[in-house]
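Below: upload_1.cif (mmCIF, C-alpha atoms)
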```cif
data_model
#
loop_
_atom_site.group_PDB
_atom_site.id
_atom_site.type_symbol
_atom_site.label_atom_id
_atom_site.label_comp_id
_atom_site.auth_asym_id
_atom_site.auth_seq_id
_atom_site.Cartn_x
_atom_site.Cartn_y
_atom_site.Cartn_z
ATOM 1 C CA MET K 273 0.000 0.000 0.000
ATOM 2 C CA VAL K 274 1.358 3.423 -0.950
ATOM 3 C CA VAL K 275 0.811 6.130 1.624
ATOM 4 C CA SER K 276 -0.354 9.340 -0.002
ATOM 5 C CA GLY K 277 0.941 12.645 1.256
ATOM 6 C CA PRO K 278 4.177 14.572 1.066
ATOM 7 C CA VAL K 279 7.192 12.970 -0.573
ATOM 8 C CA GLN K 280 9.614 11.747 2.097
ATOM 9 C CA PRO K 281 13.266 12.861 2.091
ATOM 10 C CA TRP K 282 16.030 10.280 1.719
ATOM 11 C CA LEU K 283 19.820 10.370 1.624
ATOM 12 C CA ARG K 284 22.619 9.027 -0.549
ATOM 13 C CA VAL K 285 26.222 9.071 0.708
ATOM 14 C CA PHE K 286 28.733 8.776 -2.126
ATOM 15 C CA LEU K 287 31.872 7.204 -0.676
ATOM 16 C CA ASP K 288 33.886 7.787 -3.868
ATOM 17 C CA ARG K 289 32.944 11.503 -3.993
ATOM 18 C CA GLN K 290 32.893 12.106 -0.206
ATOM 19 C CA GLU K 291 29.498 13.742 -0.529
ATOM 20 C CA VAL K 292 26.080 13.551 1.143
ATOM 21 C CA GLU K 293 23.020 14.114 -1.020
ATOM 22 C CA LEU K 294 19.580 14.874 0.416
ATOM 23 C CA ARG K 295 16.746 14.125 -2.023
ATOM 24 C CA ARG K 296 13.111 15.130 -1.655
ATOM 25 C CA GLY K 297 11.094 15.003 -4.843
ATOM 26 C CA GLU K 298 12.923 17.216 -7.333
ATOM 27 C CA GLU K 299 14.839 19.034 -4.572
ATOM 28 C CA ILE K 300 18.471 17.948 -4.129
ATOM 29 C CA CYS K 301 20.905 19.358 -1.539
ATOM 30 C CA ARG K 302 24.572 18.314 -1.537
ATOM 31 C CA TYR K 303 27.059 18.564 1.319
ATOM 32 C CA PRO K 304 30.800 17.789 1.471
ATOM 33 C CA ALA K 305 31.676 14.986 3.852
ATOM 34 C CA SER K 306 34.459 12.761 5.118
ATOM 35 C CA THR K 307 33.960 9.029 5.538
ATOM 36 C CA ALA K 308 36.355 6.379 6.885
ATOM 37 C CA ALA K 309 40.102 6.691 6.384
ATOM 38 C CA ASN K 310 40.050 2.866 6.189
ATOM 39 C CA GLY K 311 37.553 2.926 3.303
ATOM 40 C CA PRO K 312 34.293 1.012 3.020
ATOM 41 C CA GLY K 313 33.536 -2.085 5.073
ATOM 42 C CA GLU K 314 31.038 -3.525 7.457
ATOM 43 C CA GLN K 315 33.055 -5.602 9.950
ATOM 44 C CA ASP K 316 32.936 -4.567 13.607
ATOM 45 C CA GLY K 317 36.269 -3.076 14.666
ATOM 46 C CA SER K 318 37.316 -2.254 11.086
ATOM 47 C CA PHE K 319 36.833 1.531 11.437
ATOM 48 C CA CYS K 320 35.327 1.438 7.933
ATOM 49 C CA THR K 321 32.170 3.112 6.637
ATOM 50 C CA PRO K 322 29.389 0.553 6.052
ATOM 51 C CA ARG K 323 27.653 0.260 2.699
ATOM 52 C CA GLY K 324 24.099 -0.422 1.642
ATOM 53 C CA TRP K 325 20.675 0.591 2.907
ATOM 54 C CA HIS K 326 20.261 2.136 6.343
ATOM 55 C CA VAL K 327 17.711 4.153 8.245
ATOM 56 C CA ILE K 328 18.177 7.049 10.648
ATOM 57 C CA ARG K 329 17.484 5.363 13.986
ATOM 58 C CA ALA K 330 17.773 8.453 16.183
ATOM 59 C CA ARG K 331 18.268 12.208 15.979
ATOM 60 C CA ILE K 332 20.405 13.404 18.877
ATOM 61 C CA GLY K 333 21.363 16.899 20.010
ATOM 62 C CA ALA K 334 18.401 19.195 19.375
ATOM 63 C CA GLY K 335 19.100 22.392 21.307
ATOM 64 C CA VAL K 336 22.826 21.730 21.818
ATOM 65 C CA PRO K 337 24.924 24.770 20.799
ATOM 66 C CA VAL K 338 26.914 24.715 17.563
ATOM 67 C CA GLY K 339 30.192 22.970 18.324
ATOM 68 C CA GLY K 340 28.722 21.121 21.326
ATOM 69 C CA VAL K 341 30.886 18.066 22.071
ATOM 70 C CA PHE K 342 29.326 14.600 22.370
ATOM 71 C CA LYS K 343 30.719 11.550 24.115
ATOM 72 C CA ALA K 344 28.691 8.322 24.070
ATOM 73 C CA ARG K 345 25.867 10.269 22.359
ATOM 74 C CA ARG K 346 25.533 12.708 25.259
ATOM 75 C CA TRP K 347 26.480 16.378 25.252
ATOM 76 C CA THR K 348 29.430 16.851 27.619
ATOM 77 C CA GLY K 349 28.661 20.539 28.227
ATOM 78 C CA GLU K 350 31.852 21.388 26.350
ATOM 79 C CA VAL K 351 31.911 23.465 23.146
ATOM 80 C CA CYS K 352 34.698 22.957 20.620
ATOM 81 C CA THR K 353 36.306 26.306 19.782
ATOM 82 C CA PRO K 354 39.353 26.788 17.526
ATOM 83 C CA GLU K 355 41.485 27.013 20.676
ATOM 84 C CA VAL K 356 40.060 23.808 22.171
ATOM 85 C CA TYR K 357 40.570 22.021 18.838
ATOM 86 C CA ALA K 358 44.167 23.305 18.539
ATOM 87 C CA ALA K 359 44.954 21.813 21.956
ATOM 88 C CA GLN K 360 43.611 18.373 20.895
ATOM 89 C CA PRO K 361 43.789 18.130 17.079
ATOM 90 C CA HIS K 362 43.913 14.301 17.019
ATOM 91 C CA ARG K 363 40.770 13.812 19.098
ATOM 92 C CA ASP K 364 37.835 12.218 17.221
ATOM 93 C CA TRP K 365 35.439 15.163 17.574
ATOM 94 C CA ILE K 366 31.688 14.463 17.428
ATOM 95 C CA LEU K 367 29.981 17.848 17.394
ATOM 96 C CA THR K 368 26.661 19.707 17.137
ATOM 97 C CA ARG K 369 24.200 16.935 16.095
ATOM 98 C CA ILE K 370 24.121 13.160 15.616
ATOM 99 C CA LEU K 371 22.056 11.158 13.139
ATOM 100 C CA TRP K 372 22.565 7.540 14.284
ATOM 101 C CA LEU K 373 22.297 4.912 11.550
ATOM 102 C CA CYS K 374 20.815 1.420 11.665
ATOM 103 C CA GLY K 375 21.413 -1.095 8.851
ATOM 104 C CA ARG K 376 18.436 -2.474 6.922
ATOM 105 C CA GLU K 377 20.144 -5.471 5.275
ATOM 106 C CA PRO K 378 20.521 -8.506 7.594
ATOM 107 C CA GLY K 379 23.941 -10.111 7.193
ATOM 108 C CA ARG K 380 25.336 -7.104 5.325
ATOM 109 C CA ASN K 381 24.950 -4.174 7.743
ATOM 110 C CA ARG K 382 22.528 -5.457 10.361
ATOM 111 C CA PHE K 383 22.933 -8.020 13.147
ATOM 112 C CA GLY K 384 26.043 -9.834 14.321
ATOM 113 C CA ALA K 385 29.551 -8.605 13.530
ATOM 114 C CA VAL K 386 28.338 -6.252 10.763
ATOM 115 C CA ASP K 387 25.682 -4.292 12.683
ATOM 116 C CA THR K 388 25.968 -0.586 11.833
ATOM 117 C CA MET K 389 24.011 0.563 14.873
ATOM 118 C CA ARG K 390 26.158 -1.464 17.291
ATOM 119 C CA ARG K 391 29.225 0.023 15.584
ATOM 120 C CA TYR K 392 27.897 3.509 16.467
ATOM 121 C CA ILE K 393 28.027 4.869 12.922
ATOM 122 C CA TYR K 394 26.623 8.417 12.669
ATOM 123 C CA PHE K 395 26.365 11.539 10.612
ATOM 124 C CA HIS K 396 27.878 14.222 12.881
ATOM 125 C CA GLY K 397 29.502 17.636 12.901
ATOM 126 C CA CYS K 398 33.252 18.204 13.083
ATOM 127 C CA PRO K 399 35.604 21.153 13.686
ATOM 128 C CA ASP K 400 36.037 23.569 10.764
ATOM 129 C CA ALA K 401 39.760 22.735 10.653
ATOM 130 C CA VAL K 402 39.045 19.061 9.828
ATOM 131 C CA ALA K 403 39.403 18.362 6.098
ATOM 132 C CA LEU K 404 36.299 17.245 4.215
ATOM 133 C CA GLY K 405 36.158 15.881 0.663
ATOM 134 C CA GLN K 406 38.632 13.132 1.548
ATOM 135 C CA PRO K 407 38.420 10.040 3.757
ATOM 136 C CA GLY K 408 39.476 10.668 7.348
ATOM 137 C CA SER K 409 36.919 9.424 9.899
ATOM 138 C CA LYS K 410 36.813 6.238 11.977
ATOM 139 C CA GLY K 411 33.710 5.076 10.071
ATOM 140 C CA CYS K 412 31.208 7.885 10.591
ATOM 141 C CA ILE K 413 30.120 10.530 8.092
ATOM 142 C CA ARG K 414 31.666 13.835 9.170
ATOM 143 C CA MET K 415 30.064 17.084 8.044
ATOM 144 C CA ARG K 416 30.488 20.807 8.650
ATOM 145 C CA ASN K 417 28.498 21.979 11.677
ATOM 146 C CA LYS K 418 26.329 24.294 9.565
ATOM 147 C CA ASP K 419 25.573 21.415 7.188
ATOM 148 C CA ILE K 420 24.666 18.879 9.886
ATOM 149 C CA LEU K 421 22.351 21.511 11.409
ATOM 150 C CA ASN K 422 20.687 21.990 8.035
ATOM 151 C CA LEU K 423 20.380 18.246 7.429
ATOM 152 C CA PHE K 424 19.127 17.568 10.976
ATOM 153 C CA ASP K 425 16.223 19.955 10.397
ATOM 154 C CA LYS K 426 15.225 18.248 7.119
ATOM 155 C CA VAL K 427 15.198 14.565 8.105
ATOM 156 C CA HIS K 428 13.444 12.447 10.723
ATOM 157 C CA ALA K 429 13.926 9.106 12.453
ATOM 158 C CA GLY K 430 13.034 6.537 9.803
ATOM 159 C CA THR K 431 14.614 8.428 6.888
ATOM 160 C CA ALA K 432 16.131 6.044 4.306
ATOM 161 C CA VAL K 433 19.907 6.305 3.778
ATOM 162 C CA TRP K 434 22.034 4.580 1.126
ATOM 163 C CA LEU K 435 25.859 4.455 1.307
ATOM 164 C CA GLY K 436 28.134 3.374 -1.547
ATOM 165 C CA ASP K 437 29.923 4.450 -4.714
ATOM 166 C CA SER K 438 28.161 6.773 -7.162
ATOM 167 C CA ILE K 439 28.254 4.241 -10.000
ATOM 168 C CA ARG K 440 25.974 1.934 -7.943
ATOM 169 C CA ALA K 441 23.705 4.672 -6.593
ATOM 170 C CA PRO K 442 19.986 3.834 -6.586
ATOM 171 C CA HIS K 443 17.408 6.291 -7.900
ATOM 172 C CA ALA K 444 14.945 5.635 -5.074
ATOM 173 C CA PRO K 445 14.775 3.708 -1.799
ATOM 174 C CA ASP K 446 14.327 -0.047 -2.169
ATOM 175 C CA PRO K 447 10.569 -0.667 -1.728
ATOM 176 C CA ALA K 448 11.302 -4.079 -0.180
ATOM 177 C CA LEU K 449 13.214 -2.340 2.637
ATOM 178 C CA PHE K 450 11.043 0.781 2.878
ATOM 179 C CA PRO K 451 7.520 -0.350 1.887
ATOM 180 C CA ASP K 452 5.507 2.069 4.000
ATOM 181 C CA LYS K 453 6.675 5.384 2.563
ATOM 182 C CA GLU K 454 5.967 7.201 -0.691
ATOM 183 C CA ARG K 455 9.291 8.223 -2.232
ATOM 184 C CA ALA K 456 10.447 10.352 -5.106
#
```
Would you put the structure from the file into structure tokens?
Amino acid sequence: MVVSGPVQPWLRVFLDRQEVELRRGEEICRYPASTAANGPGEQDGSFCTPRGWHVIRARIGAGVPVGGVFKARRWTGEVCTPEVYAAQPHRDWILTRILWLCGREPGRNRFGAVDTMRRYIYFHGCPDAVALGQPGSKGCIRMRNKDILNLFDKVHAGTAVWLGDSIRAPHAPDPALFPDKERA
């Protein structure tokens, strides 16, 4: 059954282009990103960015100031400034907002040793001094703080997310994995 109503947003993350794309009907927004320095992969402990279909499981950080620092998905009360970053440039900064991903493909990115959610893979903000447009994270999708704020306001828990190379990019969410939503 197709649910009538507004077209739902969905995301594509292009690992080869280091780019996040938000799609809603004909509207497309693109954001620079940084995925895993170790490349793509699903294995727990690999520090790779998982591929395939996912869903946003949780939106974390509404109301936290820009640059707010998270540890274990909780705001520490700290705000990352250029001075704070300069004192700890090698720290894995998780800032501003978190969009926590959950895999939708059992055996590929869900359950067991390949479970994206148990690997704590997120979209999140990072300091302005961190390079985007090239791999560099420990598996997450890093974005500029202004971009993660923008994205956070446009998506909801349950939003479909696909991660992979642009040559394999789907044109719409897989209806077998996302049957209850009308998509563009």
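Put simply, atom CA of K:Val327 is 4.6 Å away from atom CA of K:Ala432.
Rounded to one decimal, atom CA of K:His428 and atom CA of K:Pro281 lie 8.6 Å from each other.
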Grab the atom CA of K:Asp387 to atom CA of K:Gln315 distance for me, in Å with one decimal place.
8.0 Å
When you look at K:Gly340 with a cut-off of 6 Å (counting only C-alpha atoms), what residues show up, excluding the ones that are within fewer than 4 positions of it in the same chain? I need them as a ChimeraX atom specification.
/K:336,350-351,367-368
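Look at stretch 388-404 of chain K: the protein and nucleic acid residues within 7 Å of it, using all atoms listed in the file and passing over chain neighbours fewer than 2 places away, are K:Pro304, K:Ala305, K:Ser306, K:Asp316, K:Pro322, K:Trp365, K:Ile366, K:Leu367, K:Thr368, K:Arg369, K:Ile370, K:Leu371, K:Trp372, K:Leu373, K:Cys374, K:Gly375, K:Asn381, K:Arg382, K:Val386, K:Gln406, K:Gly411, K:Cys412, K:Ile413, K:Arg414, K:Met415, K:Arg416, K:Asn417, K:Ile420.
Evaluated against this file, the PyMOL selection byres ((chain K and resi 319) around 6) yields Gly317, Ser318, Cys320, Lys410 and Gly411 of chain K.
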Between K:Asp437, K:Asp419, K:Asp446, K:Glu293, which is the closest to K:Thr321 once you count only C-alpha atoms?
K:Asp437
Of the listed residues K:Gly313, K:Gly436, K:Pro447, K:Gly430, that which approaches K:Ala385 most closely, counting only C-alpha atoms:
K:Gly313
K:Trp282 environment, 7 Å, only C-alpha atoms, sequence neighbours closer than 2 positions dropped, as a list in words:
Gln280, Leu294, Arg295, Arg296, Thr431, Ala432 and Val433 of chain K
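Counting only C-alpha atoms, the residue from K:Arg284, K:Arg289, K:Arg329, K:Arg302 that sits nearest to K:Arg376 is K:Arg329.
Each of K:Leu435, K:Gly349, K:Val356, K:Ala429 was compared to K:Gln290 using all atoms listed in the file, and K:Leu435 turns out to be the nearest.
Among K:Gly297, K:Gly333, K:Pro378, K:Pro361, the residue with the shortest atom-to-atom distance to K:Leu449, counting only C-alpha atoms, is K:Pro378.
Shortest separation to K:Pro337 among K:Ala448, K:Cys352, K:Ala309, K:Val285 occurs at residue K:Cys352, atoms counted being all atoms listed in the file.
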List as an MDAnalysis selection string the protein and nucleic acid residues near K:Asp288, meaning an atom at most 10 Å away when all atoms listed in the file are counted, but skip any in the same chain fewer than 4 places from it.
chainID K and resid 307 311:312 405:407 436:439
